[in-house]
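Participant: Pasting coords-v4.txt below, which is compact mmCIF, C-alpha atoms.
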# COMPACT_ATOMS: atom_id res chain seq x y z
CA MET A 1 20.95 23.55 -11.12
CA THR A 2 22.77 22.77 -7.89
CA ALA A 3 26.02 20.88 -7.83
CA GLY A 4 25.54 17.17 -8.08
CA ALA A 5 22.20 17.44 -9.88
CA ALA A 6 21.56 15.09 -12.77
CA SER A 7 18.82 15.30 -15.33
CA GLY A 8 17.07 12.76 -17.50
CA VAL A 9 14.08 12.57 -19.81
CA LEU A 10 11.31 10.12 -18.92
CA GLY A 11 8.00 9.41 -20.57
CA ASP A 12 8.49 11.65 -23.61
CA SER A 13 5.42 11.54 -25.83
CA SER A 14 5.28 11.97 -29.58
CA GLU A 15 2.08 13.99 -29.26
CA PRO A 16 2.46 17.74 -28.68
CA ALA A 17 1.99 19.13 -25.20
CA VAL A 18 -1.59 20.31 -24.65
CA GLY A 19 -2.86 22.60 -21.91
CA PRO A 20 -1.05 24.54 -19.19
CA TYR A 21 2.00 23.09 -17.49
CA VAL A 22 1.90 21.39 -14.09
CA LEU A 23 4.80 20.37 -11.88
CA GLY A 24 5.15 17.35 -9.58
CA VAL A 25 7.89 17.15 -6.94
CA ASP A 26 9.02 14.16 -4.88
CA SER A 27 11.47 14.87 -2.05
CA GLY A 28 12.96 11.93 -0.18
CA GLY A 29 16.07 10.50 1.35
CA SER A 30 17.73 9.91 -2.01
CA GLY A 31 17.19 13.41 -3.38
CA LEU A 32 14.66 15.58 -5.17
CA ARG A 33 12.80 14.52 -8.32
CA VAL A 34 10.84 17.01 -10.40
CA ALA A 35 8.49 16.19 -13.28
CA LEU A 36 6.83 18.55 -15.76
CA GLY A 37 3.50 17.63 -17.32
CA THR A 38 0.42 19.25 -18.78
CA THR A 39 -3.23 19.37 -17.82
CA ALA A 40 -4.26 17.51 -20.97
CA GLY A 41 -2.73 15.33 -23.64
CA SER A 42 -0.35 12.64 -22.43
CA ARG A 43 -0.74 11.54 -18.81
CA GLU A 44 3.02 10.89 -18.70
CA PRO A 45 5.53 13.58 -17.70
CA LEU A 46 7.10 15.52 -20.53
CA SER A 47 10.46 15.16 -18.79
CA THR A 48 12.03 14.93 -15.35
CA VAL A 49 15.02 16.27 -13.48
CA VAL A 50 16.72 14.47 -10.61
CA CYS A 51 18.66 16.45 -7.99
CA ALA A 52 20.84 14.01 -6.12
CA GLU A 53 21.20 16.02 -2.89
CA PRO A 54 18.47 15.32 -0.29
CA VAL A 55 16.70 18.40 1.07
CA ARG A 56 18.09 19.32 4.47
CA THR A 57 16.09 19.06 7.68
CA GLY A 58 16.88 21.43 10.54
CA PRO A 59 15.41 22.63 13.83
CA ALA A 60 12.51 24.25 11.96
CA GLY A 61 11.78 21.11 9.96
CA ILE A 62 12.30 20.59 6.24
CA ASP A 63 14.43 23.48 4.95
CA ALA A 64 12.28 25.49 2.53
CA ALA A 65 15.22 27.55 1.23
CA HIS A 66 17.24 24.44 0.42
CA LEU A 67 14.28 22.87 -1.38
CA LEU A 68 13.77 26.03 -3.45
CA GLU A 69 17.49 26.20 -4.19
CA GLN A 70 17.12 22.91 -6.05
CA LEU A 71 13.53 23.11 -7.26
CA LEU A 72 13.58 26.47 -9.04
CA PRO A 73 16.55 25.75 -11.35
CA ALA A 74 15.12 22.31 -12.07
CA ALA A 75 11.72 23.79 -12.96
CA ARG A 76 13.29 26.36 -15.28
CA THR A 77 15.33 23.64 -16.98
CA LEU A 78 12.19 21.59 -17.55
CA LEU A 79 10.28 24.58 -18.91
CA GLU A 80 13.12 25.48 -21.29
CA ARG A 81 13.34 21.86 -22.45
CA ALA A 82 9.58 21.65 -23.05
CA GLU A 83 9.40 24.96 -24.92
CA ALA A 84 12.40 24.01 -27.06
CA GLY A 85 10.68 20.75 -27.91
CA ARG A 86 7.51 22.56 -28.89
CA GLY A 87 9.49 24.89 -31.12
CA ALA A 88 11.26 21.99 -32.80
CA ALA A 89 7.88 20.33 -33.42
CA GLY A 90 6.51 23.48 -35.04
CA GLY A 91 4.35 24.54 -32.10
CA PRO A 92 4.24 28.08 -30.72
CA GLU A 93 7.01 28.52 -28.17
CA GLY A 94 5.96 30.04 -24.85
CA ALA A 95 2.29 29.33 -25.47
CA HIS A 96 1.76 27.82 -22.05
CA GLY A 97 2.82 30.73 -19.87
CA PRO A 98 3.46 30.10 -16.17
CA ILE A 99 2.98 26.81 -14.39
CA ALA A 100 -0.67 26.36 -13.42
CA ALA A 101 -0.13 24.15 -10.37
CA VAL A 102 2.61 22.50 -8.34
CA ALA A 103 2.29 19.55 -5.95
CA VAL A 104 5.19 18.84 -3.62
CA GLY A 105 5.35 15.51 -1.84
CA ALA A 106 7.98 15.07 0.85
CA ALA A 107 9.03 12.51 3.41
CA GLY A 108 8.32 13.90 6.88
CA MET A 109 5.83 16.48 5.59
CA ALA A 110 3.21 15.66 8.20
CA THR A 111 5.48 16.45 11.15
CA LEU A 112 8.30 18.54 9.63
CA GLY A 113 6.56 20.53 6.90
CA GLY A 114 5.64 23.71 8.77
CA GLN A 115 8.25 25.88 7.07
CA LEU A 116 7.30 24.54 3.64
CA ARG A 117 3.63 25.34 4.24
CA ALA A 118 4.54 28.84 5.41
CA GLU A 119 7.05 29.80 2.69
CA LEU A 120 6.65 27.77 -0.49
CA PRO A 121 3.31 29.08 -1.85
CA ALA A 122 4.43 32.73 -2.02
CA ALA A 123 7.93 31.81 -3.22
CA LEU A 124 6.68 29.64 -6.09
CA SER A 125 4.05 32.19 -7.06
CA ALA A 126 6.69 34.91 -7.25
CA ALA A 127 9.31 32.84 -9.07
CA LEU A 128 7.18 30.77 -11.45
CA GLY A 129 3.75 32.42 -11.49
CA VAL A 130 2.20 29.34 -9.87
CA ARG A 131 -1.51 29.75 -9.06
CA GLY A 132 -2.36 26.35 -7.56
CA PHE A 133 -0.21 24.73 -4.90
CA ALA A 134 -0.43 21.56 -2.81
CA LEU A 135 1.87 20.09 -0.17
CA ALA A 136 1.51 16.38 0.50
CA ALA A 137 3.01 13.77 2.75
CA ASP A 138 4.94 11.16 0.79
CA ALA A 139 2.34 8.56 1.77
CA VAL A 140 -0.31 10.68 0.00
CA THR A 141 1.72 11.00 -3.22
CA ALA A 142 2.39 7.25 -2.99
CA TYR A 143 -1.38 6.75 -2.75
CA ALA A 144 -2.11 9.06 -5.69
CA GLY A 145 0.57 7.35 -7.77
CA ALA A 146 -0.58 3.84 -6.91
CA VAL A 147 -4.38 4.17 -6.77
CA GLY A 148 -5.18 7.57 -8.26
CA GLN A 149 -8.25 9.36 -6.94
CA ARG A 150 -10.34 6.26 -6.23
CA PRO A 151 -11.30 4.91 -2.79
CA GLY A 152 -8.89 2.28 -1.53
CA ALA A 153 -5.62 1.85 0.27
CA VAL A 154 -1.92 1.75 -0.39
CA VAL A 155 0.75 -0.05 1.59
CA ALA A 156 4.17 1.52 1.11
CA GLY A 157 6.92 -0.84 2.20
CA GLY A 158 10.65 -0.31 2.23
CA THR A 159 12.90 0.02 5.23
CA GLY A 160 9.72 0.98 7.10
CA LEU A 161 6.05 0.35 6.47
CA ILE A 162 3.01 2.60 6.35
CA ALA A 163 -0.52 2.21 5.05
CA LEU A 164 -2.87 4.97 3.97
CA GLY A 165 -6.49 4.63 2.94
CA THR A 166 -9.40 6.86 2.05
CA ASP A 167 -13.06 6.71 1.16
CA LEU A 168 -12.54 10.17 -0.43
CA THR A 169 -14.04 11.77 2.69
CA SER A 170 -11.12 11.40 5.09
CA TRP A 171 -7.73 9.72 5.40
CA ARG A 172 -6.85 6.77 7.61
CA ARG A 173 -3.23 6.04 8.44
CA ALA A 174 -1.69 2.99 10.11
CA ASP A 175 1.90 2.48 11.25
CA GLY A 176 4.87 4.34 9.81
CA TRP A 177 6.04 4.94 13.38
CA GLY A 178 9.69 4.01 12.87
CA HIS A 179 11.64 0.88 13.67
CA LEU A 180 11.45 1.26 17.45
CA LEU A 181 7.69 1.82 17.71
CA GLY A 182 6.32 0.27 14.55
CA ASP A 183 7.05 -0.37 10.86
CA ILE A 184 5.91 -3.92 11.64
CA GLY A 185 6.43 -6.24 8.70
CA GLY A 186 8.69 -3.76 6.90
CA GLY A 187 12.26 -4.29 5.79
CA SER A 188 13.89 -3.38 9.09
CA TRP A 189 11.44 -5.65 10.97
CA ILE A 190 12.14 -8.60 8.66
CA GLY A 191 15.90 -7.99 8.79
CA ARG A 192 15.91 -7.75 12.56
CA ALA A 193 13.86 -10.95 12.89
CA GLY A 194 16.30 -12.70 10.59
CA LEU A 195 19.31 -11.49 12.55
CA ASP A 196 17.62 -12.51 15.79
CA ALA A 197 17.20 -16.04 14.41
CA ALA A 198 20.83 -16.05 13.33
CA MET A 199 22.05 -14.96 16.76
CA ARG A 200 19.86 -17.63 18.39
CA ALA A 201 21.58 -20.22 16.25
CA HIS A 202 24.97 -18.81 17.24
CA ASP A 203 24.03 -19.06 20.94
CA GLY A 204 22.32 -22.45 20.67
CA ARG A 205 18.93 -21.05 21.72
CA ARG A 206 15.58 -22.26 20.45
CA GLY A 207 14.22 -20.61 17.31
CA GLY A 208 17.60 -20.29 15.66
CA SER A 209 18.40 -20.72 11.98
CA ALA A 210 21.74 -22.12 10.81
CA ALA A 211 21.00 -20.86 7.30
CA LEU A 212 20.50 -17.30 8.49
CA LEU A 213 23.58 -17.51 10.69
CA SER A 214 25.58 -18.50 7.63
CA ARG A 215 24.19 -15.48 5.74
CA LEU A 216 24.94 -13.18 8.70
CA ARG A 217 28.58 -14.28 8.63
CA ALA A 218 28.77 -13.81 4.86
CA VAL A 219 27.29 -10.32 4.97
CA PHE A 220 28.53 -8.86 8.28
CA GLY A 221 31.36 -11.09 9.48
CA PRO A 222 31.59 -12.93 12.81
CA ALA A 223 28.31 -12.93 14.76
CA PRO A 224 29.83 -11.54 18.00
CA ASP A 225 30.99 -8.46 16.06
CA LEU A 226 27.48 -7.54 14.90
CA PRO A 227 26.48 -5.38 17.93
CA GLY A 228 29.58 -3.22 17.53
CA LEU A 229 28.78 -2.79 13.85
CA LEU A 230 25.08 -2.08 14.35
CA TYR A 231 24.62 0.01 17.50
CA PRO A 232 26.89 3.01 16.80
CA ARG A 233 25.37 3.66 13.37
CA ALA A 234 22.79 6.35 12.74
CA ASP A 235 21.30 4.32 9.88
CA ARG A 236 20.41 1.27 11.97
CA PRO A 237 16.99 0.76 10.32
CA ALA A 238 18.60 0.65 6.86
CA LEU A 239 21.29 -1.74 8.06
CA LEU A 240 18.67 -4.05 9.54
CA ALA A 241 16.62 -3.85 6.34
CA SER A 242 19.65 -4.80 4.25
CA PHE A 243 19.35 -8.31 5.72
CA ALA A 244 15.71 -8.74 4.65
CA PRO A 245 16.61 -10.05 1.16
CA GLU A 246 18.78 -12.69 2.85
CA VAL A 247 15.72 -13.88 4.77
CA ALA A 248 13.78 -14.11 1.51
CA ALA A 249 16.63 -15.99 -0.16
CA CYS A 250 16.63 -18.60 2.63
CA ALA A 251 12.85 -18.97 2.88
CA GLY A 252 12.55 -21.71 0.26
CA ASP A 253 14.66 -24.16 2.26
CA ASP A 254 14.56 -22.81 5.83
CA THR A 255 11.39 -23.03 7.91
CA VAL A 256 12.50 -20.27 10.30
CA ALA A 257 13.04 -17.80 7.44
CA ALA A 258 9.74 -18.80 5.84
CA ASP A 259 7.94 -18.29 9.15
CA ILE A 260 9.43 -14.78 9.49
CA LEU A 261 7.96 -13.83 6.11
CA ARG A 262 4.60 -15.39 6.99
CA ARG A 263 4.49 -13.32 10.15
CA ALA A 264 5.51 -10.22 8.21
CA ALA A 265 2.70 -10.88 5.72
CA ALA A 266 0.17 -11.17 8.54
CA HIS A 267 1.33 -7.85 10.02
CA ILE A 268 1.23 -6.09 6.64
CA ALA A 269 -2.30 -7.35 5.97
CA GLU A 270 -3.36 -6.23 9.45
CA THR A 271 -2.04 -2.75 8.71
CA ALA A 272 -3.86 -2.66 5.36
CA ALA A 273 -7.08 -3.79 7.03
CA ALA A 274 -6.87 -0.88 9.48
CA VAL A 275 -7.09 1.71 6.68
CA CYS A 276 -8.98 0.09 3.82
CA PRO A 277 -12.54 1.45 3.45
CA GLU A 278 -15.44 -0.95 3.16
CA ALA A 279 -16.68 -1.79 -0.30
CA GLY A 280 -19.50 0.38 -1.57
CA ASP A 281 -22.87 -0.88 -2.71
CA ASP A 282 -22.03 -0.12 -6.34
CA ASP A 283 -18.66 -1.83 -6.68
CA ALA A 284 -16.99 -5.19 -6.23
CA GLY A 285 -14.32 -4.09 -3.78
CA ARG A 286 -11.67 -1.57 -2.87
CA GLU A 287 -8.29 -1.44 -4.49
CA VAL A 288 -5.26 -2.11 -2.32
CA ALA A 289 -1.95 -1.34 -4.00
CA LEU A 290 1.46 -2.45 -2.80
CA THR A 291 4.31 -0.09 -3.54
CA GLY A 292 7.95 0.17 -2.54
CA GLY A 293 11.10 -1.91 -2.62
CA LEU A 294 9.92 -4.33 0.09
CA PHE A 295 7.62 -6.07 -2.35
CA ARG A 296 10.41 -6.69 -4.84
CA MET A 297 11.34 -9.66 -2.64
CA GLY A 298 8.82 -11.56 -4.72
CA ASP A 299 6.95 -14.76 -3.97
CA PRO A 300 8.53 -15.62 -0.59
CA LEU A 301 6.68 -12.56 0.78
CA LEU A 302 3.93 -11.98 -1.78
CA VAL A 303 2.42 -15.47 -1.71
CA PRO A 304 1.68 -15.44 2.04
CA LEU A 305 0.74 -11.76 1.82
CA ARG A 306 -1.95 -12.40 -0.79
CA GLU A 307 -3.33 -15.18 1.40
CA GLU A 308 -3.41 -12.90 4.45
CA LEU A 309 -5.01 -10.02 2.54
CA ALA A 310 -7.75 -12.35 1.28
CA GLN A 311 -8.52 -13.33 4.88
CA GLN A 312 -8.07 -10.01 6.67
CA VAL A 313 -9.23 -7.55 3.99
CA PRO A 314 -11.93 -9.45 2.08
CA GLN A 315 -13.24 -6.23 0.53
CA ALA A 316 -9.90 -5.63 -1.17
CA ARG A 317 -8.72 -6.26 -4.69
CA VAL A 318 -4.93 -6.30 -4.69
CA VAL A 319 -3.68 -4.35 -7.71
CA PRO A 320 -0.24 -3.36 -8.94
CA ALA A 321 0.69 0.24 -8.28
CA SER A 322 -0.01 2.24 -11.43
CA GLY A 323 2.68 4.81 -10.63
CA ASP A 324 5.24 5.94 -8.08
CA PRO A 325 5.14 8.95 -5.70
CA LEU A 326 6.48 11.30 -8.40
CA ALA A 327 3.65 10.25 -10.70
CA GLY A 328 1.32 10.80 -7.74
CA ALA A 329 2.57 14.34 -7.20
CA LEU A 330 2.03 15.08 -10.89
CA ARG A 331 -1.50 13.64 -10.72
CA ILE A 332 -2.33 15.84 -7.73
CA ALA A 333 -0.96 18.92 -9.53
CA ARG A 334 -2.99 18.10 -12.64
CA ALA A 335 -6.16 17.55 -10.60
CA LEU A 336 -5.58 20.81 -8.72
CA ALA A 337 -5.08 22.78 -11.95
CA THR A 338 -8.26 21.41 -13.51
CA GLY A 339 -10.47 21.69 -10.43
CA ASP A 340 -10.77 17.90 -10.17
CA LEU A 341 -8.99 17.23 -6.87
CA ARG A 342 -11.07 14.54 -5.17
CA LEU A 343 -8.59 13.33 -2.55
CA PRO A 344 -9.53 14.73 0.87
CA LEU A 345 -7.64 17.75 2.11
CA HIS A 346 -5.89 17.61 5.47
CA PRO A 347 -3.83 20.20 7.39
CA THR A 348 -0.66 18.09 7.25
CA LEU A 349 -1.30 15.18 4.87
CA LEU A 350 -2.64 17.13 1.88
CA PHE A 351 -2.50 20.88 2.36
CA VAL A 352 -3.80 23.45 -0.13
CA PRO A 353 -3.38 27.10 0.96
CA GLY A 354 -6.64 28.99 1.27
CA ALA A 355 -8.82 25.89 1.08
CA ALA A 356 -10.78 24.57 4.01
CA GLN A 357 -10.22 20.98 5.00
CA GLY A 358 -12.50 18.81 2.90
CA ALA A 359 -13.11 21.55 0.33
CA VAL A 360 -12.13 21.33 -3.33
CA PRO A 361 -10.24 24.51 -4.26
CA GLU A 362 -11.13 26.29 -7.48
CA PHE A 363 -7.93 26.63 -9.48
CA ALA A 364 -9.41 25.47 -12.77
CA PRO A 365 -8.17 27.75 -15.57
CA THR A 366 -10.45 29.08 -18.24
CA ALA A 367 -10.05 27.44 -21.65
CA GLY A 368 -6.67 28.18 -23.17
CA GLN A 369 -5.40 30.09 -20.14
CA PRO A 370 -2.76 28.98 -17.61
Mind converting the file's structure to structure tokens?
Facilitator:
Amino acid sequence: MTAGAASGVLGDSSEPAVGPYVLGVDSGGSGLRVALGTTAGSREPLSTVVCAEPVRTGPAGIDAAHLLEQLLPAARTLLERAEAGRGAAGGPEGAHGPIAAVAVGAAGMATLGGQLRAELPAALSAALGVRGFALAADAVTAYAGAVGQRPGAVVAGGTGLIALGTDLTSWRRADGWGHLLGDIGGGSWIGRAGLDAAMRAHDGRRGGSAALLSRLRAVFGPAPDLPGLLYPRADRPALLASFAPEVAACAGDDTVAADILRRAAAHIAETAAAVCPEAGDDDAGREVALTGGLFRMGDPLLVPLREELAQQVPQARVVPASGDPLAGALRIARALATGDLRLPLHPTLLFVPGAAQGAVPEFAPTAGQP
């Protein structure tokens, strides 16, 4: 494993592993996470490995060699761990053979994933014997983790904000355009609105909040120093988003802070409405799942958001996310290996080599074979 990689076991099951192995991969700004599962038996991963170094992005997009440099040792570690566990449990070691399918979800895949699409399928086939392969945008793995393979929508909120929905025929995306052009209602938007209110209070302009000005001073220091702290930094969206919890903390007693979160809720619901499919004749509504750190702000945001969703997306049933993007990648890999992939294919959002857009590829193994 590469330097700085750390491993941990998650979701170990007492039941023996059944069926061929599948691999789910989640690549994001905090590093690379890899989970090993099977096509049957427990739906949870057998174990996971976390590589703390984020995959590099260069002129050609996401660096395929750097991803493989971390992924291949992690995959071999997971396979060795699983086979050792089977041996300790009295099962036949090595019975699974190569990995049946891999699904890689990555931030920036839609626009920066060209090198991955060109190089990863052959590399993983050669190194691990992989037969089924899918590359997905992180919004798609977030959808698969949160909703599964049912029609609906997911709103992923953190520093930014993006919504993705499908009727299982095609994908619809809204926002996710970055803090200068979009991400409306996300963490950076809320933080910036809160800092704007604080600076208004500092200047004596209308719309200011003394409570938020007090929090600005506590977090960042004197208000006049904030531009010099903010503008030179490359991580301005994250710095803005770091103030969003302060807005939530003030919302109970400060009308300006509460209004910022009400406006954020309206924008988030508007984004969800843009992608959520209409309810079918045979069901009561479409699931809309909320996932990401933004929604850990709790009731100050969630209460007005539920009200806005009820008004703007009446066909929606708001549900908790059933899993995260790593769980989504593993679900896609399992569906691919068993020939049950129902999420719509797309050249950049959900790419399967050799399969036409909208087709379901046939990677289902015969009984007992990887």
Participant: Distance atom CA of A:Leu213-atom CA of A:Leu161, one decimal place?
Facilitator: 25.4 Å
Participant: For the contact check between stretch 157-181 of chain A and stretch 130-137 of chain A, emit one row per residue of stretch 157-181 of chain A within 12 Å, containing the shortest atom pair and the distance in Å rounded to one decimal, counting only C-alpha atoms, chain then rising number order, as a tab-separated table.
Facilitator:
residue	atom	partner	partner_atom	distance
A:Ile162	CA	A:Ala137	CA	11.7
A:Leu164	CA	A:Ala137	CA	10.7
A:Trp171	CA	A:Ala137	CA	11.8
A:Arg173	CA	A:Ala137	CA	11.4
A:Gly176	CA	A:Ala137	CA	11.9
Participant: Wanna dump the stretch 132-239 of chain A-stretch 342-349 of chain A contacts at 9 Å for me, each residue with its shortest atom pair and the distance in Å to one decimal, counting all atoms listed in the file, ordered by chain and number, as a tab-separated table?
Facilitator:
residue	atom	partner	partner_atom	distance
A:Leu135	CA	A:Leu349	CA	7.7
A:Ala136	CA	A:Leu349	CA	5.3
A:Ala137	CA	A:Leu349	CA	5.0
A:Asp138	CA	A:Leu349	CA	8.5
A:Ala139	CA	A:Leu349	CA	8.2
A:Val140	CA	A:Leu349	CA	6.7
A:Ala144	CA	A:Leu343	CA	8.4
A:Gly148	CA	A:Leu343	CA	8.8
A:Gln149	CA	A:Leu343	CA	5.9
A:Arg150	CA	A:Leu343	CA	8.2
A:Pro151	CA	A:Leu343	CA	8.8
A:Thr166	CA	A:Pro344	CA	8.0
A:Asp167	CA	A:Pro344	CA	8.8
A:Leu168	CA	A:Leu343	CA	5.5
A:Thr169	CA	A:Pro344	CA	5.7
A:Ser170	CA	A:Pro344	CA	5.6
A:Trp171	CA	A:Pro344	CA	7.0
Participant: For atom CA of A:Val22 and atom CA of A:Val147, quote the distance in Å rounded to one decimal.
Facilitator: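 If I compute the distance from atom CA of A:Val22 to atom CA of A:Val147, I get 19.7 Å.
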Participant: If we count only C-alpha atoms and set the cut-off at 12 Å, which residues sit around A:Glu307, ignoring sequence neighbours fewer than 5 positions away in its own chain? Please answer as a PyMOL selection string.
Facilitator: chain A and resi 262-263+265-266+268-269+299+301-302+312-314+316+318
Participant: Could you work out how far atom CA of A:Ser27 lies from atom CA of A:Ala107, giving the answer in Å with one decimal?
Facilitator: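 Going from atom CA of A:Ala107 over to atom CA of A:Ser27, I get 6.4 Å.
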Participant: Determine the axis-aligned bounding box of all atoms of stretch 114-119 of chain A present in the file, pad each side by 4 Å, and express its centre and edge lengths in Å to one decimal place as JSON.
Facilitator:
{"center_x": 5.9, "center_y": 26.8, "center_z": 5.7, "size_x": 12.6, "size_y": 14.1, "size_z": 14.1}
Participant: If I only have part of stretch 117-139 of chain A, can you fill in N, CA and C atoms and write it as a PDB file, in the coordinates of the input?
Facilitator:
ATOM      1  N   ARG A 117       4.995  24.809   4.364  1.00  0.00           N
ATOM      2  CA  ARG A 117       3.630  25.340   4.240  1.00  0.00           C
ATOM      3  C   ARG A 117       3.607  26.857   4.373  1.00  0.00           C
ATOM      4  N   ALA A 118       4.510  27.396   5.180  1.00  0.00           N
ATOM      5  CA  ALA A 118       4.540  28.840   5.410  1.00  0.00           C
ATOM      6  C   ALA A 118       5.199  29.611   4.263  1.00  0.00           C
ATOM      7  N   GLU A 119       6.208  29.030   3.609  1.00  0.00           N
ATOM      8  CA  GLU A 119       7.050  29.800   2.690  1.00  0.00           C
ATOM      9  C   GLU A 119       6.907  29.430   1.226  1.00  0.00           C
ATOM     10  N   LEU A 120       6.611  28.174   0.919  1.00  0.00           N
ATOM     11  CA  LEU A 120       6.650  27.770  -0.490  1.00  0.00           C
ATOM     12  C   LEU A 120       5.576  28.400  -1.365  1.00  0.00           C
ATOM     13  N   PRO A 121       4.314  28.533  -0.926  1.00  0.00           N
ATOM     14  CA  PRO A 121       3.310  29.080  -1.850  1.00  0.00           C
ATOM     15  C   PRO A 121       3.685  30.448  -2.403  1.00  0.00           C
ATOM     16  N   ALA A 122       4.077  31.390  -1.550  1.00  0.00           N
ATOM     17  CA  ALA A 122       4.430  32.730  -2.020  1.00  0.00           C
ATOM     18  C   ALA A 122       5.691  32.690  -2.873  1.00  0.00           C
ATOM     19  N   ALA A 123       6.663  31.875  -2.479  1.00  0.00           N
ATOM     20  CA  ALA A 123       7.930  31.810  -3.220  1.00  0.00           C
ATOM     21  C   ALA A 123       7.714  31.262  -4.626  1.00  0.00           C
ATOM     22  N   LEU A 124       6.911  30.217  -4.765  1.00  0.00           N
ATOM     23  CA  LEU A 124       6.680  29.640  -6.090  1.00  0.00           C
ATOM     24  C   LEU A 124       5.792  30.533  -6.946  1.00  0.00           C
ATOM     25  N   SER A 125       4.877  31.243  -6.320  1.00  0.00           N
ATOM     26  CA  SER A 125       4.050  32.190  -7.060  1.00  0.00           C
ATOM     27  C   SER A 125       4.919  33.314  -7.633  1.00  0.00           C
ATOM     28  N   ALA A 126       5.833  33.811  -6.798  1.00  0.00           N
ATOM     29  CA  ALA A 126       6.690  34.910  -7.250  1.00  0.00           C
ATOM     30  C   ALA A 126       7.679  34.468  -8.315  1.00  0.00           C
ATOM     31  N   ALA A 127       8.240  33.280  -8.158  1.00  0.00           N
ATOM     32  CA  ALA A 127       9.310  32.840  -9.070  1.00  0.00           C
ATOM     33  C   ALA A 127       8.780  32.231 -10.354  1.00  0.00           C
ATOM     34  N   LEU A 128       7.661  31.526 -10.296  1.00  0.00           N
ATOM     35  CA  LEU A 128       7.180  30.770 -11.450  1.00  0.00           C
ATOM     36  C   LEU A 128       5.760  31.137 -11.873  1.00  0.00           C
ATOM     37  N   GLY A 129       5.124  32.052 -11.156  1.00  0.00           N
ATOM     38  CA  GLY A 129       3.750  32.420 -11.490  1.00  0.00           C
ATOM     39  C   GLY A 129       2.745  31.337 -11.150  1.00  0.00           C
ATOM     40  N   VAL A 130       3.077  30.456 -10.218  1.00  0.00           N
ATOM     41  CA  VAL A 130       2.200  29.340  -9.870  1.00  0.00           C
ATOM     42  C   VAL A 130       0.925  29.853  -9.208  1.00  0.00           C
ATOM     43  N   ARG A 131      -0.231  29.338  -9.637  1.00  0.00           N
ATOM     44  CA  ARG A 131      -1.510  29.750  -9.060  1.00  0.00           C
ATOM     45  C   ARG A 131      -2.075  28.700  -8.103  1.00  0.00           C
ATOM     46  N   GLY A 132      -1.870  27.435  -8.404  1.00  0.00           N
ATOM     47  CA  GLY A 132      -2.360  26.350  -7.560  1.00  0.00           C
ATOM     48  C   GLY A 132      -1.203  25.628  -6.907  1.00  0.00           C
ATOM     49  N   PHE A 133      -1.332  25.305  -5.635  1.00  0.00           N
ATOM     50  CA  PHE A 133      -0.210  24.730  -4.900  1.00  0.00           C
ATOM     51  C   PHE A 133      -0.732  23.726  -3.882  1.00  0.00           C
ATOM     52  N   ALA A 134      -0.076  22.571  -3.803  1.00  0.00           N
ATOM     53  CA  ALA A 134      -0.430  21.560  -2.810  1.00  0.00           C
ATOM     54  C   ALA A 134       0.839  20.994  -2.199  1.00  0.00           C
ATOM     55  N   LEU A 135       0.790  20.760  -0.893  1.00  0.00           N
ATOM     56  CA  LEU A 135       1.870  20.090  -0.170  1.00  0.00           C
ATOM     57  C   LEU A 135       1.318  18.782   0.373  1.00  0.00           C
ATOM     58  N   ALA A 136       2.027  17.688   0.110  1.00  0.00           N
ATOM     59  CA  ALA A 136       1.510  16.380   0.500  1.00  0.00           C
ATOM     60  C   ALA A 136       2.574  15.564   1.212  1.00  0.00           C
ATOM     61  N   ALA A 137       2.134  14.764   2.167  1.00  0.00           N
ATOM     62  CA  ALA A 137       3.010  13.770   2.750  1.00  0.00           C
ATOM     63  C   ALA A 137       3.358  12.737   1.681  1.00  0.00           C
ATOM     64  N   ASP A 138       4.536  12.114   1.816  1.00  0.00           N
ATOM     65  CA  ASP A 138       4.940  11.160   0.790  1.00  0.00           C
ATOM     66  C   ASP A 138       3.994   9.973   0.714  1.00  0.00           C
ATOM     67  N   ALA A 139       3.326   9.644   1.822  1.00  0.00           N
ATOM     68  CA  ALA A 139       2.340   8.560   1.770  1.00  0.00           C
ATOM     69  C   ALA A 139       1.157   8.938   0.880  1.00  0.00           C
TER      70      ALA A 139
END
